[in-house]
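S.K.: My structure is in work-v3.txt, and what it holds is compact mmCIF, C-alpha atoms and all ligand atoms:
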# COMPACT_ATOMS: atom_id res chain seq x y z
CA MET A 1 -100.61 -153.99 3.29
CA ILE A 2 -97.27 -154.69 1.63
CA ILE A 3 -95.24 -151.79 0.25
CA ILE A 4 -92.69 -152.81 -2.39
CA LEU A 5 -89.84 -150.36 -2.96
CA LYS A 6 -88.06 -149.70 -6.23
CA GLU A 7 -84.62 -151.29 -6.76
CA SER A 8 -83.25 -147.76 -6.85
CA ALA A 9 -84.79 -146.74 -3.48
CA THR A 10 -82.25 -145.03 -1.22
CA ASP A 11 -81.91 -145.64 2.54
CA GLU A 12 -83.32 -142.17 3.10
CA GLN A 13 -86.42 -142.97 1.01
CA ILE A 14 -86.91 -146.28 2.86
CA SER A 15 -86.71 -144.45 6.21
CA HIS A 16 -89.28 -141.96 4.94
CA VAL A 17 -91.71 -144.79 4.07
CA VAL A 18 -91.24 -146.33 7.52
CA ALA A 19 -91.87 -142.96 9.20
CA ARG A 20 -94.99 -142.43 7.08
CA VAL A 21 -96.39 -145.85 8.06
CA GLU A 22 -95.65 -145.16 11.74
CA SER A 23 -97.37 -141.77 11.52
CA PHE A 24 -100.70 -143.67 11.10
CA GLY A 25 -100.12 -145.54 14.37
CA LEU A 26 -99.01 -148.67 12.45
CA GLN A 27 -95.83 -150.72 12.63
CA ALA A 28 -93.46 -151.19 9.68
CA HIS A 29 -91.66 -154.49 9.22
CA LEU A 30 -88.66 -154.11 6.94
CA SER A 31 -87.50 -157.01 4.78
CA LYS A 32 -84.35 -156.34 2.72
CA GLY A 33 -83.89 -158.71 -0.24
CA THR A 34 -81.00 -158.85 -2.68
CA TYR A 35 -82.71 -156.48 -5.11
CA ARG A 36 -85.68 -155.02 -3.35
CA THR A 37 -86.86 -153.91 0.04
CA VAL A 38 -90.40 -154.74 1.15
CA VAL A 39 -92.20 -153.00 4.00
CA GLY A 40 -94.92 -155.04 5.72
CA VAL A 41 -97.54 -152.86 7.40
CA ILE A 42 -98.74 -154.32 10.71
CA GLY A 43 -101.98 -153.12 12.29
CA ASP A 44 -105.44 -152.04 11.10
CA GLU A 45 -105.15 -151.57 7.35
CA ALA A 46 -108.20 -149.28 7.31
CA LYS A 47 -105.97 -146.54 8.75
CA ILE A 48 -103.83 -146.29 5.61
CA GLN A 49 -104.60 -145.68 1.91
CA ALA A 50 -102.53 -147.31 -0.82
CA ALA A 51 -102.79 -144.61 -3.52
CA PRO A 52 -101.03 -141.72 -1.69
CA LEU A 53 -98.12 -144.03 -0.82
CA LEU A 54 -97.36 -144.34 -4.53
CA ALA A 55 -96.53 -140.65 -4.54
CA ILE A 56 -93.58 -141.24 -2.18
CA PRO A 57 -90.26 -141.40 -4.10
CA GLY A 58 -88.85 -144.93 -4.08
CA VAL A 59 -92.22 -146.72 -3.73
CA ALA A 60 -93.04 -149.14 -6.58
CA GLU A 61 -96.26 -150.76 -5.35
CA ALA A 62 -98.59 -150.74 -2.35
CA VAL A 63 -100.66 -153.93 -2.15
CA PRO A 64 -103.56 -154.04 0.34
CA ILE A 65 -104.27 -157.39 2.00
CA MET A 66 -107.95 -156.62 2.66
CA PRO A 67 -110.22 -155.59 -0.23
CA ALA A 68 -111.36 -151.95 -0.18
CA TYR A 69 -114.95 -153.25 0.25
CA LYS A 70 -114.09 -154.57 3.66
CA LEU A 71 -117.61 -154.88 5.15
CA ALA A 72 -119.00 -156.49 2.01
CA SER A 73 -116.08 -158.90 1.60
CA ARG A 74 -116.11 -162.58 2.32
CA LYS A 75 -112.70 -162.26 3.96
CA ALA A 76 -114.25 -160.13 6.69
CA HIS A 77 -117.44 -162.22 6.93
CA PRO A 78 -117.04 -165.83 5.74
CA GLN A 79 -120.65 -166.94 6.32
CA PRO A 80 -123.23 -166.02 3.64
CA THR A 81 -125.65 -163.26 4.65
CA VAL A 82 -129.33 -164.21 4.63
CA VAL A 83 -131.41 -161.12 3.83
CA HIS A 84 -134.90 -161.05 5.37
CA VAL A 85 -137.41 -158.94 3.44
CA GLY A 86 -140.85 -158.10 4.84
CA SER A 87 -142.52 -158.74 8.15
CA GLY A 88 -145.21 -160.91 9.74
CA ASP A 89 -146.51 -163.68 7.46
CA ALA A 90 -144.79 -162.25 4.45
CA VAL A 91 -141.07 -162.68 5.04
CA THR A 92 -138.86 -163.70 2.16
CA LYS A 93 -135.32 -164.89 2.78
CA ILE A 94 -132.63 -164.46 0.14
CA GLY A 95 -129.11 -165.93 0.40
CA GLY A 96 -127.49 -168.80 2.27
CA GLY A 97 -129.56 -171.39 0.37
CA HIS A 98 -132.78 -169.32 0.22
CA PHE A 99 -133.91 -168.36 -3.29
CA GLY A 100 -135.60 -165.06 -4.13
CA MET A 101 -138.26 -165.14 -6.86
CA ILE A 102 -138.80 -161.44 -7.57
CA ALA A 103 -141.43 -160.63 -10.19
CA GLY A 104 -143.84 -157.93 -11.26
CA PRO A 105 -144.32 -155.18 -13.80
CA CYS A 106 -141.63 -152.65 -14.66
CA ALA A 107 -143.92 -149.81 -13.51
CA ILE A 108 -146.99 -149.67 -11.28
CA GLU A 109 -149.76 -148.53 -13.63
CA SER A 110 -153.01 -149.05 -11.73
CA ALA A 111 -154.29 -150.93 -8.66
CA GLU A 112 -156.33 -153.35 -10.80
CA ARG A 113 -153.43 -154.27 -13.06
CA LEU A 114 -150.95 -154.73 -10.23
CA ASP A 115 -153.46 -156.78 -8.26
CA SER A 116 -154.03 -159.10 -11.20
CA ILE A 117 -150.28 -159.55 -11.89
CA ALA A 118 -149.53 -160.06 -8.18
CA GLY A 119 -152.17 -162.82 -7.92
CA ASP A 120 -150.68 -164.58 -10.94
CA ILE A 121 -147.04 -164.40 -9.86
CA LYS A 122 -147.88 -165.46 -6.31
CA ALA A 123 -149.70 -168.52 -7.66
CA ALA A 124 -146.63 -169.27 -9.78
CA GLY A 125 -144.36 -169.25 -6.72
CA ALA A 126 -142.94 -165.71 -6.67
CA ASN A 127 -142.03 -164.52 -3.17
CA LEU A 128 -141.34 -160.81 -3.71
CA LEU A 129 -143.42 -158.31 -5.73
CA ARG A 130 -141.63 -155.59 -7.70
CA GLY A 131 -142.99 -152.45 -9.33
CA GLY A 132 -141.58 -149.00 -10.05
CA ALA A 133 -143.30 -145.84 -8.80
CA PHE A 134 -140.36 -143.60 -9.76
CA LYS A 135 -138.94 -144.67 -13.09
CA PRO A 136 -135.45 -143.71 -14.33
CA ARG A 137 -136.35 -143.07 -17.99
CA THR A 138 -133.87 -142.19 -20.73
CA SER A 139 -136.38 -139.72 -22.16
CA PRO A 140 -137.85 -136.92 -20.03
CA TYR A 141 -141.06 -137.33 -22.05
CA ALA A 142 -141.53 -141.01 -21.17
CA PHE A 143 -143.81 -142.19 -18.32
CA GLN A 144 -142.02 -141.31 -15.09
CA GLY A 145 -144.15 -143.41 -12.70
CA LEU A 146 -147.14 -142.71 -10.45
CA GLY A 147 -144.99 -141.48 -7.54
CA GLU A 148 -146.51 -141.73 -4.05
CA GLU A 149 -149.83 -142.95 -5.48
CA GLY A 150 -147.93 -145.89 -6.96
CA LEU A 151 -146.27 -146.62 -3.61
CA LYS A 152 -149.69 -146.79 -1.93
CA ILE A 153 -150.93 -149.23 -4.56
CA LEU A 154 -147.81 -151.37 -4.21
CA ARG A 155 -148.19 -151.55 -0.41
CA GLU A 156 -151.89 -152.46 -0.58
CA VAL A 157 -151.46 -155.09 -3.26
CA GLY A 158 -148.42 -156.62 -1.53
CA ASP A 159 -150.34 -156.87 1.75
CA LYS A 160 -153.39 -158.37 0.04
CA HIS A 161 -151.31 -161.16 -1.50
CA SER A 162 -148.88 -161.58 1.45
CA LEU A 163 -145.97 -160.61 -0.77
CA PRO A 164 -143.18 -158.32 0.47
CA VAL A 165 -142.55 -155.49 -1.99
CA VAL A 166 -139.53 -153.83 -3.60
CA THR A 167 -139.48 -150.51 -5.46
CA GLU A 168 -136.79 -148.22 -6.82
CA ALA A 169 -135.56 -144.96 -5.32
CA ILE A 170 -134.01 -142.55 -7.81
CA ASP A 171 -133.83 -139.36 -5.73
CA PRO A 172 -132.41 -138.89 -2.21
CA ARG A 173 -135.35 -136.54 -1.45
CA HIS A 174 -137.82 -139.44 -1.85
CA VAL A 175 -135.97 -142.03 0.24
CA GLU A 176 -137.72 -141.39 3.55
CA MET A 177 -141.16 -141.56 1.95
CA ILE A 178 -140.34 -144.71 -0.05
CA ALA A 179 -139.02 -146.41 3.10
CA GLU A 180 -142.42 -145.92 4.73
CA TYR A 181 -144.24 -147.90 2.04
CA THR A 182 -141.81 -150.59 0.91
CA ASP A 183 -140.05 -153.62 2.42
CA MET A 184 -136.96 -153.32 0.23
CA ILE A 185 -135.47 -150.39 -1.70
CA GLN A 186 -134.09 -150.93 -5.18
CA LEU A 187 -131.06 -148.97 -6.35
CA GLY A 188 -131.05 -149.18 -10.14
CA ALA A 189 -128.24 -149.62 -12.63
CA ARG A 190 -128.25 -145.92 -13.53
CA ASN A 191 -127.79 -144.92 -9.90
CA MET A 192 -125.34 -147.59 -8.77
CA GLN A 193 -122.70 -144.93 -8.24
CA ASN A 194 -124.97 -142.16 -7.00
CA PHE A 195 -123.14 -142.07 -3.70
CA VAL A 196 -125.50 -139.56 -2.07
CA LEU A 197 -128.44 -141.85 -2.86
CA LEU A 198 -126.55 -144.95 -1.65
CA THR A 199 -125.80 -143.15 1.63
CA GLU A 200 -129.41 -142.04 2.18
CA VAL A 201 -130.80 -145.48 1.40
CA GLY A 202 -128.20 -147.14 3.66
CA LYS A 203 -129.28 -144.91 6.54
CA THR A 204 -132.88 -146.21 6.39
CA GLY A 205 -131.81 -149.68 7.57
CA LYS A 206 -134.23 -151.21 5.00
CA PRO A 207 -133.07 -154.18 2.90
CA VAL A 208 -131.60 -153.02 -0.41
CA LEU A 209 -131.60 -154.50 -3.92
CA LEU A 210 -128.48 -153.05 -5.55
CA LYS A 211 -128.29 -153.50 -9.31
CA ARG A 212 -124.99 -153.53 -11.19
CA GLY A 213 -124.42 -150.46 -13.37
CA MET A 214 -124.37 -151.17 -17.10
CA ALA A 215 -120.69 -150.18 -17.28
CA ALA A 216 -119.63 -151.13 -13.77
CA THR A 217 -116.99 -153.69 -12.86
CA ILE A 218 -117.59 -156.25 -10.12
CA GLN A 219 -115.21 -154.22 -7.92
CA ASP A 220 -117.34 -151.08 -8.59
CA LEU A 221 -120.51 -152.97 -7.58
CA LEU A 222 -118.92 -154.20 -4.36
CA MET A 223 -117.65 -150.71 -3.53
CA SER A 224 -121.21 -149.40 -3.95
CA ALA A 225 -122.48 -152.16 -1.65
CA GLU A 226 -119.84 -151.03 0.83
CA TYR A 227 -121.40 -147.53 0.83
CA VAL A 228 -124.78 -148.97 1.75
CA VAL A 229 -123.44 -151.33 4.42
CA ALA A 230 -121.13 -148.68 5.91
CA ASN A 231 -124.16 -146.42 6.37
CA GLY A 232 -126.11 -148.95 8.39
CA THR A 233 -127.93 -151.45 6.17
CA THR A 234 -126.36 -154.89 6.29
CA ASP A 235 -129.16 -156.50 4.25
CA VAL A 236 -127.98 -155.91 0.70
CA VAL A 237 -128.85 -158.16 -2.25
CA LEU A 238 -126.69 -157.63 -5.33
CA CYS A 239 -128.14 -158.00 -8.82
CA GLU A 240 -126.42 -158.80 -12.11
CA ARG A 241 -128.58 -157.27 -14.88
CA GLY A 242 -126.25 -157.26 -17.86
CA VAL A 243 -123.55 -154.86 -18.95
CA LYS A 244 -122.99 -152.80 -22.12
CA SER A 245 -121.32 -154.77 -24.86
CA PHE A 246 -119.96 -154.36 -28.39
CA ASP A 247 -122.83 -156.60 -29.55
CA ASN A 248 -126.26 -154.95 -29.63
CA SER A 249 -128.20 -158.15 -30.39
CA CYS A 250 -129.45 -158.02 -26.78
CA ARG A 251 -130.32 -155.00 -24.67
CA ASN A 252 -127.24 -155.75 -22.53
CA MET A 253 -124.89 -158.71 -22.10
CA LEU A 254 -125.61 -161.04 -19.19
CA ASP A 255 -122.41 -161.66 -17.22
CA ILE A 256 -123.24 -165.03 -15.67
CA ALA A 257 -119.64 -165.51 -14.47
CA ALA A 258 -120.24 -162.54 -12.16
CA VAL A 259 -122.38 -164.82 -9.97
CA PRO A 260 -119.71 -167.30 -8.82
CA GLN A 261 -117.10 -164.53 -8.77
CA ILE A 262 -119.20 -162.38 -6.46
CA GLN A 263 -119.93 -165.38 -4.27
CA GLN A 264 -116.17 -165.85 -3.84
CA LEU A 265 -115.57 -162.20 -3.05
CA SER A 266 -118.61 -161.28 -0.95
CA HIS A 267 -120.97 -162.75 1.63
CA LEU A 268 -123.90 -160.76 0.17
CA PRO A 269 -126.52 -162.63 -1.91
CA ILE A 270 -126.34 -162.17 -5.69
CA ILE A 271 -129.38 -162.55 -7.92
CA VAL A 272 -129.83 -162.23 -11.70
CA ASP A 273 -132.25 -160.10 -13.74
CA PRO A 274 -132.56 -161.73 -17.19
CA SER A 275 -135.29 -159.25 -18.22
CA HIS A 276 -133.10 -156.14 -18.33
CA ALA A 277 -130.05 -158.22 -19.32
CA THR A 278 -131.60 -159.46 -22.55
CA GLY A 279 -134.58 -157.20 -23.22
CA ARG A 280 -136.02 -160.14 -25.21
CA PRO A 281 -138.74 -162.28 -23.68
CA GLU A 282 -137.86 -165.37 -25.74
CA LEU A 283 -134.36 -165.39 -24.18
CA ILE A 284 -135.45 -164.84 -20.58
CA PRO A 285 -136.33 -168.45 -19.63
CA ALA A 286 -132.96 -169.86 -20.76
CA CYS A 287 -131.05 -167.06 -19.01
CA ALA A 288 -133.10 -167.44 -15.82
CA LEU A 289 -132.32 -171.17 -15.77
CA ALA A 290 -128.63 -170.44 -16.38
CA ALA A 291 -128.76 -168.05 -13.42
CA ALA A 292 -130.30 -170.70 -11.17
CA ALA A 293 -127.73 -173.27 -12.33
CA SER A 294 -124.87 -170.83 -11.68
CA GLY A 295 -125.82 -170.78 -8.00
CA ALA A 296 -127.50 -167.36 -7.98
CA ASP A 297 -129.57 -166.58 -4.89
CA GLY A 298 -132.61 -165.54 -6.91
CA VAL A 299 -134.00 -164.19 -10.16
CA HIS A 300 -135.76 -160.94 -10.95
CA ILE A 301 -138.21 -161.10 -13.86
CA GLU A 302 -140.61 -158.52 -15.29
CA VAL A 303 -144.15 -159.80 -15.82
CA HIS A 304 -147.07 -157.94 -17.42
CA ASN A 305 -150.55 -159.16 -18.37
CA CYS A 306 -150.82 -156.92 -21.44
CA PRO A 307 -147.31 -155.98 -22.63
CA GLU A 308 -148.65 -153.90 -25.53
CA GLU A 309 -150.28 -151.54 -23.03
CA ALA A 310 -147.30 -151.41 -20.62
CA MET A 311 -146.07 -147.92 -19.77
CA SER A 312 -142.44 -149.11 -19.67
CA ASP A 313 -140.42 -152.18 -20.70
CA GLY A 314 -143.48 -153.90 -22.26
CA PRO A 315 -141.50 -155.64 -25.03
CA GLN A 316 -139.37 -157.56 -22.51
CA ALA A 317 -142.18 -158.62 -20.15
CA LEU A 318 -143.21 -162.26 -19.77
CA LEU A 319 -146.93 -163.02 -19.71
CA PRO A 320 -148.16 -164.54 -16.42
CA ALA A 321 -148.51 -168.00 -18.03
CA GLN A 322 -144.96 -167.81 -19.40
CA TYR A 323 -143.72 -166.81 -15.97
CA ALA A 324 -145.55 -169.71 -14.33
CA GLU A 325 -143.89 -172.15 -16.72
CA VAL A 326 -140.35 -170.86 -16.19
CA ALA A 327 -140.84 -170.44 -12.43
CA LYS A 328 -141.46 -174.20 -12.16
CA GLN A 329 -138.25 -174.94 -14.07
CA ILE A 330 -136.24 -172.37 -12.08
CA ARG A 331 -137.23 -174.02 -8.81
CA ALA A 332 -136.27 -177.46 -10.14
CA VAL A 333 -132.83 -176.24 -11.26
CA ALA A 334 -132.21 -174.23 -8.09
CA LYS A 335 -133.00 -177.32 -5.99
CA VAL A 336 -130.32 -179.28 -7.89
CA VAL A 337 -127.70 -176.74 -6.73
CA GLY A 338 -128.87 -176.92 -3.12
CA LYS A 339 -131.48 -174.18 -2.73
CA THR A 340 -134.52 -174.66 -0.51
CA PHE A 341 -138.07 -173.41 -1.04
C1 LIG B 401 -135.98 -151.85 -13.43
O1 LIG B 401 -135.76 -152.76 -12.61
O2 LIG B 401 -137.09 -151.57 -13.89
C2 LIG B 401 -134.82 -151.08 -13.95
C3 LIG B 401 -134.93 -149.83 -14.38
O3 LIG B 401 -133.70 -151.82 -13.94
P1 LIG B 401 -132.16 -151.40 -14.22
O4 LIG B 401 -131.83 -150.37 -13.20
O5 LIG B 401 -131.41 -152.69 -14.05
O6 LIG B 401 -132.08 -150.88 -15.63
MN MN B 402 -137.88 -152.32 -16.20
Go ahead and render the structure in this file as structure tokens.
M.R.:
Amino acid sequence: MIIILKESATDEQISHVVARVESFGLQAHLSKGTYRTVVGVIGDEAKIQAAPLLAIPGVAEAVPIMPAYKLASRKAHPQPTVVHVGSGDAVTKIGGGHFGMIAGPCAIESAERLDSIAGDIKAAGANLLRGGAFKPRTSPYAFQGLGEEGLKILREVGDKHSLPVVTEAIDPRHVEMIAEYTDMIQLGARNMQNFVLLTEVGKTGKPVLLKRGMAATIQDLLMSAEYVVANGTTDVVLCERGVKSFDNSCRNMLDIAAVPQIQQLSHLPIIVDPSHATGRPELIPACALAAAASGADGVHIEVHNCPEEAMSDGPQALLPAQYAEVAKQIRAVAKVVGKTF
């Protein structure tokens, strides 16, 4: 960390800053310029916080060298993380050149329906089955998911088709139960900063799919990933799913530039969800291809075989045949930017 003092800082104030730095077991290296004095902090930066230093009279700025999301940062871990989801025959790798094709209905509605969709997406090349058993709905009167019954269906269908499964946790009280059924736990946009939930999910050691909040900055997303990693789960896949915008022509606004930015800042894989980003099925193929071209480590697409009967997010679902068509194109584009299948 570098602490920059104000031009007006007195010798007494400078000595106070040095003493404060030393009180954390760190060394202070003083550099006196013509106008300003700079204090270089030497030692483990994790021992000192920048914000409280600003409250010391005479301090102008405190600039950390390491990002606050130290474990999730590429500075701390230059090699890309490859997340392994599933076990036995059904292991899907995401990151470091491996591309995740996550697909499935928004919600698990019945064993028959999920089985049919899973067969179709598997044939189209998907390598991870999604489906919500606990749905975070805006309305308390909307379908909330089948709960544990849905988790059982998801597990059985995933096993039948040799597809690892991912499902969302919305309540810390459900985390242990969800971890028993699923291969990967999804943390949704609405809960990206539910720090109690992030902590509980991190403690399970299960791979995590962490979606960006609809009003969260990239720094916020990486800080949330840090919560999960700091609690014990190193296998975190980040997901850009669109952010709130002034323009309501789409459900959200897809921030494609987040992909290369996150790849610069973090070693964790970053995938894109064009379904929730656009909310419009006719826009999903183009946005999925843009995601693959941007270097994303995967795409997450909602698929339903009868959208008009879907219990949630029907209007944005692709039909299985539409998914099969775009999946072929996604693989072709992803190969151009160096991904393997
Ligand atoms: C979902 O994946 O069904 C979902 C609710 O997504 P998000 O959290 O991105 O809105
Ligand atoms: Mn959905």
S.K.: To one decimal place, how far is CA of Val59 (chain A) from CA of Asp44 (chain A) in Å?
M.R.: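 Going from CA of Val59 (chain A) over to CA of Asp44 (chain A), I get 20.6 Å.
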S.K.: For ligand LIG 401 (chain B), collect every residue having any atom at a distance of at most 7 Å from a ligand atom (counting only C-alpha atoms and all ligand atoms); output as an NGL selection string.
M.R.: :A and (106 or 132 or 135-136 or 188-190 or 211 or 241 or 276)
S.K.: With distances taken over only C-alpha atoms, which of A:Ser15, A:Thr233, A:Ser249, A:Thr217 is nearest to Thr278 (chain A)?
M.R.: A:Ser249
S.K.: Determine the nearest neighbour of Asp255 (chain A) from the options A:Pro64, A:Gly242, A:Gly97, A:Gly88, counting all atoms listed in the file.
M.R.: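 Among the listed residues, the smallest separation from Asp255 (chain A) belongs to A:Gly242.
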S.K.: Calculated over all atoms listed in the file, which of the candidates A:Val333, A:Ile256, A:Ile117, A:Ala277 has the smallest distance to ligand MN 402 (chain B)?
M.R.: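 Between A:Val333, A:Ile256, A:Ile117, A:Ala277, the residue approaching ligand MN 402 (chain B) most closely is A:Ala277.
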S.K.: Can you pull out the residues contacting Arg212 (chain A)? Cut-off 10 Å, using only C-alpha atoms, and skip same-chain residues under 4 positions away; I want them as a PyMOL selection string.
M.R.: chain A and resi 187-193+216-218+220-222+224-225+238-243+272
S.K.: Please build the interface table for chain A against ligand MN 402 (chain B) with a cut-off of 10 Å, listing for each qualifying residue the nearest atom pair and the distance in Å to one decimal; count all atoms listed in the file, order rows by chain and increasing number, and write it as a tab-separated table.
M.R.:
residue	atom	partner	partner_atom	distance
A:Gly104	CA	B:MN402	MN	9.6
A:Pro105	CA	B:MN402	MN	7.4
A:Cys106	CA	B:MN402	MN	4.1
A:Ala107	CA	B:MN402	MN	7.1
A:Arg130	CA	B:MN402	MN	9.8
A:Gly131	CA	B:MN402	MN	8.6
A:Gly132	CA	B:MN402	MN	7.9
A:Lys135	CA	B:MN402	MN	8.3
A:Pro136	CA	B:MN402	MN	9.1
A:Arg137	CA	B:MN402	MN	9.5
A:Gly188	CA	B:MN402	MN	9.7
A:Asp273	CA	B:MN402	MN	9.9
A:Ser275	CA	B:MN402	MN	7.7
A:His276	CA	B:MN402	MN	6.5
A:Gly279	CA	B:MN402	MN	9.2
A:Ile301	CA	B:MN402	MN	9.1
A:Glu302	CA	B:MN402	MN	6.8
A:Val303	CA	B:MN402	MN	9.8
A:Met311	CA	B:MN402	MN	10.0
A:Ser312	CA	B:MN402	MN	6.6
A:Asp313	CA	B:MN402	MN	5.2
A:Gly314	CA	B:MN402	MN	8.4
A:Gln316	CA	B:MN402	MN	8.3
A:Ala317	CA	B:MN402	MN	8.6
S.K.: Report the distance between CA of Ser116 (chain A) and CA of Glu282 (chain A) in Å, rounded to one decimal place.
M.R.: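 Between CA of Ser116 (chain A) and CA of Glu282 (chain A) the gap works out to 22.6 Å.
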